[in-house]
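One structure is given below, encoded as structure tokens.
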Amino acid sequence: MKRYQKSLSRRTLLRGAGKIAIALPFLEEMRTRSVWGAPAAPPMRAFNIFLGGGVPFLHWRGGTTLDGPLTPLAPLANKMAFVRGIQSMGGHPAAAGAAFTGKNPVNNTTMGGPSIDNEIMRYFYPSGKPPTPVDVQGAGYYYKFLDDPSRWVKSWDQQGHPSGNFVDDPKALFATFFGAAPGGTPATMTGPTPDQKIATSILDTVVSQYQFYMSPASNLTTASRSKISDHLDAVRQLEAKLQGTSLITSGGGGGKLATCGTPATPPANVYVSKHHNGASTGGNVVAADFVSSFKIMADVYAMGVACDLFRFGYTDACCAGDGLTFTGPYNVAGQTIDLGAVGETHDTNHAMGDNPTPGSPALIKQGYHSHLFLECCSYIIQQFDKYMDSNGQSILANSFVMLGTDLATNHSGNGVFTAISTAGGKFKPGVFDVTGQLIDFLTTCKAALGMTGNVPKTGMTSFLA
């Protein structure tokens, strides 16, 4: 007798065709509970939030106080564990690739193992895929190293390969999630009917092939099957964007919050990063444009989570080794700075050396850039805190959210900056000094989530609840 799964994923729908298959994702939402029953447990989510260039330990000028370059994180003081003393790799490529894996990369396209978000996803969703339209979503800005994803990809699958799609245009992210088409907006367009969407979807023409290549009969490796699956995810998102449809119409993963809605449409002239390859320095970027655009993207991204379009992903506030010059006035901890006189991000970072003098001009200038990137990272994390799950806690409080970077000071990984959310009460908020390697920290986090055995005896228990 053929056995069927008790739960349905979007990929299950590809086994059928026509209107019956389209209706299947809504079955989970059609389930009802007694009014006397406890609210459903929130779904497991995990997000990696990355900033390039590092955050030197000396920026903790107030001891355990989030001030100076760390001021943007102050609103999160009672919502995250800020962990100091972690040892990571040195150098941009290795440190960036290890930021959420804890392992040295094999090369610039393959890591030494999966990132923690991917491990969490595979543990809590045994099929390896959450029941959402998108498995893993990346967003943010970076400028160079297009051929070196170790510097900007922050989600890696079981084989150490890049996981998920990355979007660096707020308009494109909005269109993918909420629907848009050239010359129109969701508010002014009716869009194609469900029958039209079926008729125009190229995915409907490859159902039988997909079934074959996902089966043992194809003799494909697990990695190859995963690549095919991720590719079809990308095709599906592209179709939605071209047709002006919304991923919300697919039903989401059944965990859509009551606050799910359509956010403000990004303006047509919103700033978008301009990529370039090689080691050359990037152009000038108005700081206010960068920050405001990142925040628009963060609004869209967080609403996508609230609408249960995806439960795993990452954001980038520049990549490891990015080189660009911010210009214009920028407020750093209450002081207005002319960033045009500060210098290029990469050169300013390394002007400190591995052992900068407290209060030195080089350290102060680097702090301006740390502040700017942390403002972006803090904003997206605070957006997660706006949306409440069924248990009365925010998405931030219920999810595993990790804030990380590539380096500590200059090219050193001695004391890399890291913070994590409380993750359903598994971790304590505050500032904690620890001893151990990044891999030990990640293992400790997984153990606290119930994913492994005992917590490693590495002096990394102070932040556990």
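Following the order of the structure tokens, chains are lettered A, B, ..., residues in each are numbered from 1, and ligands are numbered from 1.
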For this session: Would you kindly return, as a PyMOL selection string, each protein, DNA or RNA residue with an atom no farther than 7 Å from any atom of His161 in chain A, considering only C-alpha atoms and excluding same-chain residues fewer than 6 positions away?
Result: chain A and resi 109-111
For this session: For range 293-301 of chain A, work out the shell of residues within 7 Å, counting only C-alpha atoms and skipping chain neighbours fewer than 4 positions away, then give it as a ChimeraX atom specification.
Result: /A:140,170,174,263,266,270-271,289,305,376,379-380,383
Written selection (C-alpha atoms) as a compact mmCIF listing (two decimals), in the first residue's frame:
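Printed below is selection-v2.txt as written:
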```txt
# COMPACT_ATOMS: atom_id res chain seq x y z
CA GLY A 140 20.05 43.30 1.41
CA PRO A 170 13.07 46.60 -2.62
CA PHE A 174 7.78 43.67 -3.02
CA PRO A 263 3.03 47.17 3.02
CA PRO A 266 8.54 51.11 -2.56
CA VAL A 270 14.32 53.95 -4.30
CA TYR A 271 18.08 53.45 -4.02
CA ASP A 289 19.79 56.74 0.70
CA VAL A 305 7.60 36.57 7.37
CA CYS A 376 20.29 48.58 9.29
CA TYR A 379 16.02 47.80 12.14
CA ILE A 380 15.20 44.48 10.51
CA GLN A 383 10.64 44.71 12.55
```
For this session: Could you please write out, as a PyMOL selection string, every residue of range 258-430 of chain A that DSSP assigns to helix (DSSP H, G or I)?
Result: chain A and resi 287-306+339-341+345-350+361-384+395-398
For this session: Tell me, as an NGL selection string, which residues lie within 12 Å of range 421-428 of chain A, counting only C-alpha atoms; anything in the same chain fewer than 2 positions away does not count.
Result: :A and (41-49 or 76-83 or 120 or 378 or 381-382 or 384-385 or 389 or 391-404 or 418-419 or 430-432 or 444-450 or 460-465)
Exercise. Near Ala288 in chain A, counting only C-alpha atoms, which residues have an atom at most 8 Å away, once you skip same-chain residues fewer than 4 positions from it, shown as a list of chain:residue names?
Worked result: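 Close residues of Ala288 in chain A: A:Ser292, A:Gly328, A:Pro329, A:Tyr330.
Comparing A:Gly413, A:Gly179, A:Gly283, A:Pro356 by their smallest distance to Ala98 in chain A, the closest is A:Gly413 (using only C-alpha atoms).
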Problem set entry | Test item: residues at most 12 Å from Ile337 in chain A, only C-alpha atoms, excluding those fewer than 4 positions along its chain, as a ChimeraX atom specification | /A:287-288,326-333,341-342,364-365,367-369,371-372
For this session: Please provide the set of residues having any atom within 7 Å of Asn277 in chain A, restricted to only C-alpha atoms, with same-chain residues fewer than 3 positions apart removed, written as a ChimeraX atom specification.
Result: /A:144-146
Problem set entry | Nearest to Ser246 in chain A by atom-to-atom distance, counting only C-alpha atoms, from A:Ala175, A:Ala302, A:Val434, A:Leu442 |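 Once distances to Ser246 in chain A are computed over only C-alpha atoms, the minimum belongs to A:Ala175.
In this model, the gap between CA of Asn349 in chain A and CA of Glu375 in chain A comes to 17.5 Å.
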Seminar exercise, completed: Judged by only C-alpha atoms, the minimum distance to Phe178 in chain A among A:Gly436, A:Gly334, A:Gly282, A:Gly261 is found for A:Gly261
For this session: Fewer than 2 positions away in the same chain doesn't count, so skip those; otherwise give me all residues within 6 Å of Cys318 in chain A, counting only C-alpha atoms, as a list in words.
Result: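 Near neighbours after the sequence-gap exclusion: Leu51, Gly52, Tyr141, Tyr142 and Asp316 of chain A.
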Go ahead and save the picked residues with N, CA, C and O atoms, as a CSV table (one decimal), in the first residue's frame.
```csv
chain,number,residue,atom,x,y,z
A,51,LEU,N,26.5,41.8,8.9
A,51,LEU,CA,27.1,43.1,8.5
A,51,LEU,C,28.5,42.9,8.2
A,51,LEU,O,29.2,42.1,8.9
A,52,GLY,N,29.0,43.5,7.1
A,52,GLY,CA,30.4,43.3,6.7
A,52,GLY,C,31.4,44.2,7.4
A,52,GLY,O,31.0,45.3,7.8
A,141,TYR,N,22.1,44.4,0.7
A,141,TYR,CA,22.9,45.1,-0.2
A,141,TYR,C,24.4,44.6,-0.1
A,141,TYR,O,24.9,44.5,1.0
A,142,TYR,N,25.0,44.4,-1.2
A,142,TYR,CA,26.4,44.3,-1.3
A,142,TYR,C,26.9,44.8,-2.7
A,142,TYR,O,26.0,45.0,-3.5
A,316,ASP,N,21.9,41.0,4.3
A,316,ASP,CA,23.2,41.6,4.3
A,316,ASP,C,23.2,43.1,4.3
A,316,ASP,O,22.5,43.7,3.5
```
